[in-house]
Each structure stands twice: as structure tokens, then as C-alpha cells.
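Chemist: Sharing a structure here in C-alpha cells format.
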Amino acid sequence: MDFRLSDEQLALRDTVVSFCKGHSDVAAAASREGKPADAAAWSELVGIGVLGMLVPDETGGAAPGGAAEVAIAFEELGRYLCVGPLLWSTIAAPLVAGAGDGEVRVAGVRVEPGLPVGPVAVEHAGESDVLIALYPDRVERVETADLPVSVAGEPFDPLTPTAVFETLPAGTAIGGAREAARLRLLGTTLSAALLTGVAQGALDTAAGYAAGRKQFGVPIGSFQAVKHLLADMYVRVALARSATYAAAAMIDDPRAGDAVRAASAAKLLAGEAGIGNGRTAVQVLGGMGFTWEMLPHYFLKRAWVLEQGFGSAGDHALALAGALAAEATETTEAANRAGRTTKAASA
């Protein structure tokens with residue numbers, strides 16, 4: 001089996017990187033605080049096919065890209081701290097007409113069973129046309145014009161404008177349990193891809209600073225303690241990337257393995273990588289690292305926001321533990337049944 005990216009996937013990654021460098025310079029992140037995605041940038045994302053990659057063609061044929069291709073693109077979008085309702089607009093595009101071609105921006109929120117529907121924090125609500133309410137058994141569409149007046153709310157991430165609503169109005173059902181499950185699976189995996197990119201961006205920032213900042217006449221990156229910090233950051237990124245690409249591959253080809261379990265593993269590792277690398281970047285930059293003027297806090301705060309979407313690390317750790325426990329129980333029961341059969345046959 002060949003695990004290398006194909007030429008087409010590499011070309012896609014290069015195209016997204018070129019877009020990010022032109023529209024989302026990390027060094028100018030402060031200029032994008034609290035602002036919606038630029039219309040020209042959003043239009044260019046449509047042009048390179050990211051938003052509509054999961055939408056089947058007009059004849060009902062296969063979508064132009066799979067989860068693997070979207071994960072590759074989203075990793076770079078996360079690395080450059082791109083703004084806008086990218087995640088929900090992409091995964092909901094097959095259900096919301098106009099989302100794939102950029103005419104409709106989609107925000108979203110997961111509604112957990114047994115919890116009151118409110119207050120609800122919705123990222124990018126102010127710049128979106130449609131809100132997707134994702135329930136365990138259905139998907140509902142709510143026009144943002146029908147949302148109540150938002151109450152005061154302060155986002156974790158200054159690059160992710162957030163509105164808070166006391167209640168969530170009933171919407172129009174646009175999908176059942178099957179569509180809801182697919183949105184959860186895609187959302188979990190692509191959140192992991194964004195977090196992997198955030199972790200890589202934090203590593204880039206820390207490594208660049210360590211190479212240029214001198215102490216005692218030499219770059220601080222030559223000090224063993226700093227080398228260890230950077231090495232740990234690299235390992236976290238590598239683990240998160242491998243798990244995320246594996247989950248995306250399993251979504252595209254279920255024969256490869258359990259996509260739900262793989263997505264949980266990817267989200268868990270990517271969340272640890274994003275938050276861990278954000279914190280380490282603050283540490284590497286030392287006394288300046290925690291200030292608002294420096295980049296590390298943007299990566300750390302974006303990681304905090306993404307880690308909460310589509311299940312936290314704790315949620316996915318519990319899900320994985322439950323799956324492993326169920327598998328162990330099934331294996332034990334199968335062994336017991338085989339033993340009883342053998343005894344009966346010998347008798």
C-alpha cells in the first residue's frame with residue numbers, strides 16, 4: 001500500500017498554500033481580528049474548489065474530492081489561521097444549495113441529547129446566511145435572519161467572531177440520522193485536520209524564533225532544552241497528521257477500517273498537538289511569548305476553540321475506551337462460545 005500523497009493531492013496542497021500566503025499572512029493575523037472572511041478570499045476558495053469538494057456533480061456522480069483531499073486542504077487552512085465558516089460551509093455543502101459555490105455561508109452547532117438548547121454559542125454567525133443544527137438523529141436548517149438577538153459574548157479566539165443566543169429556534173429538517181452521522185464524522189476529521197495545521201503553524205513560529213533569537217552569541221535553537229521542546233512539537237504534529245489522514249482515508253474507503261474510531265483517535269491526538277504546541281510556542285518565545293503582539297496566542301486560542309468542536313479530547317478518549325471495552329467483551333464471549341463448542345464436540 002502506498003501512503004504517499006498523489007501528484008494531484010500535492011498540487012492541491014500547493015494551491016491552498018499559495019492561496020493562504022496571498023490572503024492569510026500569519027504575520028498580519030492581528031489585522032483580521034473580529035472580521036469576517038474577505039469576499040475576494042471566499043470567492044477564490046470557491047475557485048480552487050475547496051468549499052465544494054464534497055458536493056456530487058450535477059448528474060449525481062462522485063464528488064470532485066474525498067475526505068482525504070479536504071483534510072489536506074484544511075490542514076493548510078489551519079496552519080495559516082484562515083478565517084470564516086470554513087468547516088461547516090464545506091461539510092454542509094451537499095445539503096445546502098449554494099454553499100459549495102460560495103453564495104451561501106454556513107455556520108453550525110451540535111445539539112447534544114439531554115442538554116438544554118440554549119444558550120448557544122455560534123461561531124461566525126454574523127457573517128453566515130444559514131445555521132445548521134446538528135442533532136443525533138437529524139439535521140436542521142435555520143436561516144440566520146430567524147435567530148434571536150444575540151447576547152453579549154466574548155470569543156476565545158479573536159479570529160473567530162462568536163455570537164451567543166439564548167435559544168435556538170426550530171428549523172427545517174434537511175437530513176436524517178444518516179446525514180447527521182456523516183456530518184459528525186466529517187466534522188470530527190476535518191476539525192482534526194485544522195488542529196494539525198494549527199500545531200504545525202505553532203511549530204513554524206517557534207522554530208523560526210529559535211533560529212533567529214540569539215543568546216550568548218548563538219541561536220537559542222542550539223540549546224539542548226529548546227531542541228527538546230521543538231522535537232516534542234514535531235512528534236505531536238507527525239502523530240496528529242498520520243491519524244488524521246488515516247481517518248480521512250477510511251471515510252473514503254470504509255474497507256480500510258473503522259472510520260468512526262479513527263476519527264476519534266485523530267481528534268484526540270490533534271487536539272493534544274494543537275494545544276500542546278500552542279503552549280510550547282509561548283514558552284519558546286519566552287518573556288514575549290505570552291503578549292498579544294506575538295503569534296503564539298493566536299495558535300493556542302484557535303486550538304482551544306477547535307478542540308471543543310465535534311467533541312473534546314475527553315469525549316473522544318471515552319468513546320475510544322468504550323469501543324475497546326466492547327471489543328474485548330466480544331472477543332471474550334467469542335472465545336467462550338468456541339470453548340463450549342469444542343467441549344460439546346469432544347463429548
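Starting from 1 in every chain, residues are counted up; chains themselves are A, B, ... following the order of the C-alpha cells, and ligands are numbered from 1 as listed.
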When DSSP is applied to the backbone of this structure, which of range 26-204 of chain A are assigned alpha helix (DSSP H)? Write them out as a VMD selection string.
Modeler: chain A and resid 39 to 47 67 to 79 86 to 91 177 to 204
Chemist: Please write the residues from the selection above to a file, keeping C-alpha atoms, as a CSV table (one decimal), in the first residue's frame.
Modeler:
chain,number,residue,atom,x,y,z
A,39,ALA,CA,-15.3,38.3,-0.1
A,40,ALA,CA,-12.5,38.1,-2.5
A,41,ALA,CA,-10.8,35.4,-0.5
A,42,TRP,CA,-14.0,33.4,-0.1
A,43,SER,CA,-14.5,33.6,-3.9
A,44,GLU,CA,-11.0,32.3,-4.5
A,45,LEU,CA,-11.6,29.4,-2.2
A,46,VAL,CA,-14.5,28.5,-4.4
A,47,GLY,CA,-12.3,28.9,-7.4
A,67,ALA,CA,-12.3,13.4,2.7
A,68,ALA,CA,-8.6,12.9,2.2
A,69,GLU,CA,-8.3,15.8,-0.2
A,70,VAL,CA,-10.4,18.1,2.0
A,71,ALA,CA,-8.2,17.1,5.0
A,72,ILE,CA,-5.1,18.1,3.1
A,73,ALA,CA,-6.6,21.4,2.2
A,74,PHE,CA,-7.9,22.0,5.8
A,75,GLU,CA,-4.5,21.3,7.3
A,76,GLU,CA,-3.0,24.2,5.4
A,77,LEU,CA,-6.0,26.5,6.2
A,78,GLY,CA,-5.4,25.7,9.9
A,79,ARG,CA,-1.7,26.3,9.6
A,86,LEU,CA,-14.9,27.1,6.5
A,87,LEU,CA,-15.7,23.8,8.3
A,88,TRP,CA,-19.5,24.0,8.3
A,89,SER,CA,-19.7,25.5,4.8
A,90,THR,CA,-17.7,22.6,3.4
A,91,ILE,CA,-19.3,19.6,5.2
A,177,ALA,CA,-29.8,10.2,11.1
A,178,ARG,CA,-27.6,9.0,8.2
A,179,GLU,CA,-26.8,12.6,7.2
A,180,ALA,CA,-26.3,13.6,10.8
A,181,ALA,CA,-23.8,10.8,11.3
A,182,ARG,CA,-21.8,11.7,8.2
A,183,LEU,CA,-21.7,15.3,9.2
A,184,ARG,CA,-20.4,14.3,12.7
A,185,LEU,CA,-17.7,12.1,11.1
A,186,LEU,CA,-16.6,14.6,8.6
A,187,GLY,CA,-16.7,17.4,11.1
A,188,THR,CA,-14.6,15.4,13.6
A,189,THR,CA,-12.0,14.5,11.0
A,190,LEU,CA,-11.7,18.0,9.4
A,191,SER,CA,-11.5,19.6,12.9
A,192,ALA,CA,-8.5,17.3,13.4
A,193,ALA,CA,-7.0,18.5,10.1
A,194,LEU,CA,-7.4,22.1,11.2
A,195,LEU,CA,-5.9,21.3,14.6
A,196,THR,CA,-3.0,19.6,12.9
A,197,GLY,CA,-2.4,22.7,10.8
A,198,VAL,CA,-2.6,24.9,13.9
A,199,ALA,CA,0.0,22.6,15.6
A,200,GLN,CA,2.3,22.9,12.5
A,201,GLY,CA,1.9,26.7,12.5
A,202,ALA,CA,2.9,26.9,16.1
A,203,LEU,CA,5.9,24.8,15.4
A,204,ASP,CA,6.8,27.0,12.4
Chemist: I'd like to know which residues of range 75-202 of chain A are strand (DSSP E or B) (by DSSP, run on the backbone); could you write them as a list in words?
Modeler: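 Output for range 75-202 of chain A, strand (DSSP E or B) only: Val106, Ala107, Gly108, Val109, Arg110, Val120, Ala121, Val122, Glu123, Val130, Leu131, Ile132, Ala133, Leu134, Val139, Glu140, Arg141, Val142, Glu143, Val151, Thr162, Ala163, Val164, Phe165, Thr172, Ala173, Ile174 and Gly175 of chain A.
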Chemist: Keeping only N, CA and C atoms, write the selected residues as a JSON list (two decimals), in the first residue's frame.
Modeler:
[["chain", "number", "residue", "atom", "x", "y", "z"],
["A", 106, "VAL", "N", -22.22, 29.05, 5.71],
["A", 106, "VAL", "CA", -22.94, 28.19, 6.66],
["A", 106, "VAL", "C", -22.20, 28.15, 8.00],
["A", 107, "ALA", "N", -22.91, 28.48, 9.05],
["A", 107, "ALA", "CA", -22.43, 28.26, 10.42],
["A", 107, "ALA", "C", -23.11, 27.00, 10.94],
["A", 108, "GLY", "N", -22.66, 26.51, 12.08],
["A", 108, "GLY", "CA", -23.26, 25.30, 12.60],
["A", 108, "GLY", "C", -23.08, 25.15, 14.09],
["A", 109, "VAL", "N", -23.91, 24.29, 14.66],
["A", 109, "VAL", "CA", -23.82, 23.99, 16.09],
["A", 109, "VAL", "C", -24.31, 22.57, 16.32],
["A", 110, "ARG", "N", -23.64, 21.84, 17.19],
["A", 110, "ARG", "CA", -24.06, 20.50, 17.57],
["A", 110, "ARG", "C", -24.97, 20.59, 18.78],
["A", 120, "VAL", "N", -26.69, 29.20, 23.30],
["A", 120, "VAL", "CA", -25.94, 28.54, 22.24],
["A", 120, "VAL", "C", -24.91, 29.52, 21.68],
["A", 121, "ALA", "N", -23.65, 29.11, 21.67],
["A", 121, "ALA", "CA", -22.60, 29.91, 21.06],
["A", 121, "ALA", "C", -22.40, 29.45, 19.62],
["A", 122, "VAL", "N", -22.48, 30.37, 18.69],
["A", 122, "VAL", "CA", -22.36, 30.04, 17.27],
["A", 122, "VAL", "C", -21.21, 30.85, 16.67],
["A", 123, "GLU", "N", -20.20, 30.15, 16.19],
["A", 123, "GLU", "CA", -19.07, 30.83, 15.56],
["A", 123, "GLU", "C", -19.46, 31.32, 14.17],
["A", 130, "VAL", "N", -26.87, 30.81, 6.79],
["A", 130, "VAL", "CA", -27.61, 29.64, 7.24],
["A", 130, "VAL", "C", -26.92, 29.07, 8.47],
["A", 131, "LEU", "N", -27.74, 28.60, 9.41],
["A", 131, "LEU", "CA", -27.22, 27.87, 10.57],
["A", 131, "LEU", "C", -27.67, 26.42, 10.47],
["A", 132, "ILE", "N", -26.73, 25.50, 10.58],
["A", 132, "ILE", "CA", -27.04, 24.08, 10.61],
["A", 132, "ILE", "C", -27.06, 23.63, 12.07],
["A", 133, "ALA", "N", -28.21, 23.08, 12.50],
["A", 133, "ALA", "CA", -28.31, 22.50, 13.84],
["A", 133, "ALA", "C", -28.19, 20.99, 13.68],
["A", 134, "LEU", "N", -27.11, 20.44, 14.23],
["A", 134, "LEU", "CA", -26.82, 19.02, 14.07],
["A", 134, "LEU", "C", -27.27, 18.27, 15.31],
["A", 139, "VAL", "N", -30.69, 16.61, 10.82],
["A", 139, "VAL", "CA", -30.00, 17.86, 10.53],
["A", 139, "VAL", "C", -31.07, 18.90, 10.20],
["A", 140, "GLU", "N", -31.02, 20.04, 10.88],
["A", 140, "GLU", "CA", -31.99, 21.09, 10.63],
["A", 140, "GLU", "C", -31.31, 22.34, 10.09],
["A", 141, "ARG", "N", -32.03, 23.04, 9.24],
["A", 141, "ARG", "CA", -31.55, 24.30, 8.68],
["A", 141, "ARG", "C", -32.33, 25.46, 9.28],
["A", 142, "VAL", "N", -31.61, 26.44, 9.77],
["A", 142, "VAL", "CA", -32.22, 27.65, 10.33],
["A", 142, "VAL", "C", -31.63, 28.84, 9.59],
["A", 143, "GLU", "N", -32.48, 29.71, 9.08],
["A", 143, "GLU", "CA", -31.99, 30.93, 8.46],
["A", 143, "GLU", "C", -31.48, 31.85, 9.56],
["A", 151, "VAL", "N", -26.86, 37.74, 22.62],
["A", 151, "VAL", "CA", -26.48, 38.37, 23.87],
["A", 151, "VAL", "C", -24.97, 38.54, 23.88],
["A", 162, "THR", "N", -17.87, 35.25, 17.46],
["A", 162, "THR", "CA", -18.85, 34.33, 18.03],
["A", 162, "THR", "C", -20.05, 35.09, 18.57],
["A", 163, "ALA", "N", -21.24, 34.58, 18.28],
["A", 163, "ALA", "CA", -22.47, 35.15, 18.83],
["A", 163, "ALA", "C", -23.09, 34.13, 19.78],
["A", 164, "VAL", "N", -23.78, 34.62, 20.80],
["A", 164, "VAL", "CA", -24.43, 33.75, 21.78],
["A", 164, "VAL", "C", -25.93, 34.04, 21.75],
["A", 165, "PHE", "N", -26.72, 32.97, 21.64],
["A", 165, "PHE", "CA", -28.17, 33.10, 21.57],
["A", 165, "PHE", "C", -28.79, 32.36, 22.75],
["A", 172, "THR", "N", -35.85, 23.69, 9.65],
["A", 172, "THR", "CA", -36.40, 22.78, 8.66],
["A", 172, "THR", "C", -35.47, 21.58, 8.52],
["A", 173, "ALA", "N", -36.01, 20.39, 8.66],
["A", 173, "ALA", "CA", -35.20, 19.18, 8.55],
["A", 173, "ALA", "C", -34.69, 19.02, 7.12],
["A", 174, "ILE", "N", -33.38, 18.87, 6.96],
["A", 174, "ILE", "CA", -32.79, 18.66, 5.63],
["A", 174, "ILE", "C", -32.00, 17.35, 5.58],
["A", 175, "GLY", "N", -32.05, 16.59, 6.65],
["A", 175, "GLY", "CA", -31.36, 15.31, 6.68],
["A", 175, "GLY", "C", -31.77, 14.51, 7.89]]
Chemist: Just checking: using only C-alpha atoms, which residue out of A:Pro158, A:Pro148, A:Gly221, A:Gly22 ends up closest to Ala170 in chain A?
Modeler: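 Residue with the minimum atom-to-atom distance to Ala170 in chain A: A:Pro148.
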Chemist: Report as a PyMOL selection string all protein, DNA and RNA residues lying within 12 Å of Arg213 in chain A, evaluated on only C-alpha atoms, omitting residues in the same chain fewer than 5 positions from it.
Modeler: chain A and resi 205-208+218-223+226+284-286+288
Chemist: Write out, as an mmCIF file, in the first residue's frame, the residues just selected, with C-alpha atoms.
Modeler:
data_model
loop_
_atom_site.group_PDB
_atom_site.id
_atom_site.type_symbol
_atom_site.label_atom_id
_atom_site.label_comp_id
_atom_site.auth_asym_id
_atom_site.auth_seq_id
_atom_site.Cartn_x
_atom_site.Cartn_y
_atom_site.Cartn_z
ATOM 1 C CA THR A 205 6.616 30.084 14.666
ATOM 2 C CA ALA A 206 8.659 28.567 17.494
ATOM 3 C CA ALA A 207 11.315 27.132 15.174
ATOM 4 C CA GLY A 208 11.672 30.397 13.291
ATOM 5 C CA VAL A 218 24.357 31.733 19.346
ATOM 6 C CA PRO A 219 20.753 30.953 18.314
ATOM 7 C CA ILE A 220 18.675 29.660 21.224
ATOM 8 C CA GLY A 221 17.651 26.776 18.978
ATOM 9 C CA SER A 222 21.132 25.355 19.511
ATOM 10 C CA PHE A 223 20.435 24.873 23.228
ATOM 11 C CA VAL A 226 14.961 24.232 23.268
ATOM 12 C CA VAL A 284 9.962 29.084 23.380
ATOM 13 C CA LEU A 285 9.322 32.779 22.759
ATOM 14 C CA GLY A 286 9.946 33.361 26.460
ATOM 15 C CA MET A 288 7.426 37.945 24.810
#
Chemist: Closest to Ala247 in chain A among A:Lys21, A:Asp146, A:Ala97, A:Gly66, using only C-alpha atoms?
Modeler: A:Gly66
Chemist: Return the single residue from A:Ala334, A:His297, A:Ala266, A:Ala328 that is closest to Ser312 in chain A, with distances computed using only C-alpha atoms.
Modeler: A:Ala266
Chemist: In Å, how far is it from CA of Gly171 in chain A to CA of Glu127 in chain A?
Modeler: 18.8 Å
Chemist: Using only C-alpha atoms, which residues sit within 8 Å of Gly276 in chain A once same-chain residues fewer than 4 positions away are excluded, as a PyMOL selection string?
Modeler: chain A and resi 199+233+272+280
Chemist: Phe299 in chain A: which residues within 9 Å, counting only C-alpha atoms, same-chain residues fewer than 3 positions away excluded, as a list in words?
Modeler: Arg79, Leu81, Asp157, Val198, Ala199, Gly201, Ala202, Gly274, Ile275, Asn277, Gly278, Arg279, Ala281, Leu295, Pro296, Arg302, Ala303 and Trp304 of chain A
Chemist: Taking only C-alpha atoms into account, name the residue in A:Pro64, A:Gly322, A:Gly309, A:Gly84 that is nearest to Ala37 in chain A.
Modeler: A:Gly84
Chemist: Could you please determine the separation between CA of Lys214 in chain A and CA of His228 in chain A in Å, to one decimal place?
Modeler: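 Calculated distance between CA of Lys214 in chain A and CA of His228 in chain A is 17.4 Å.
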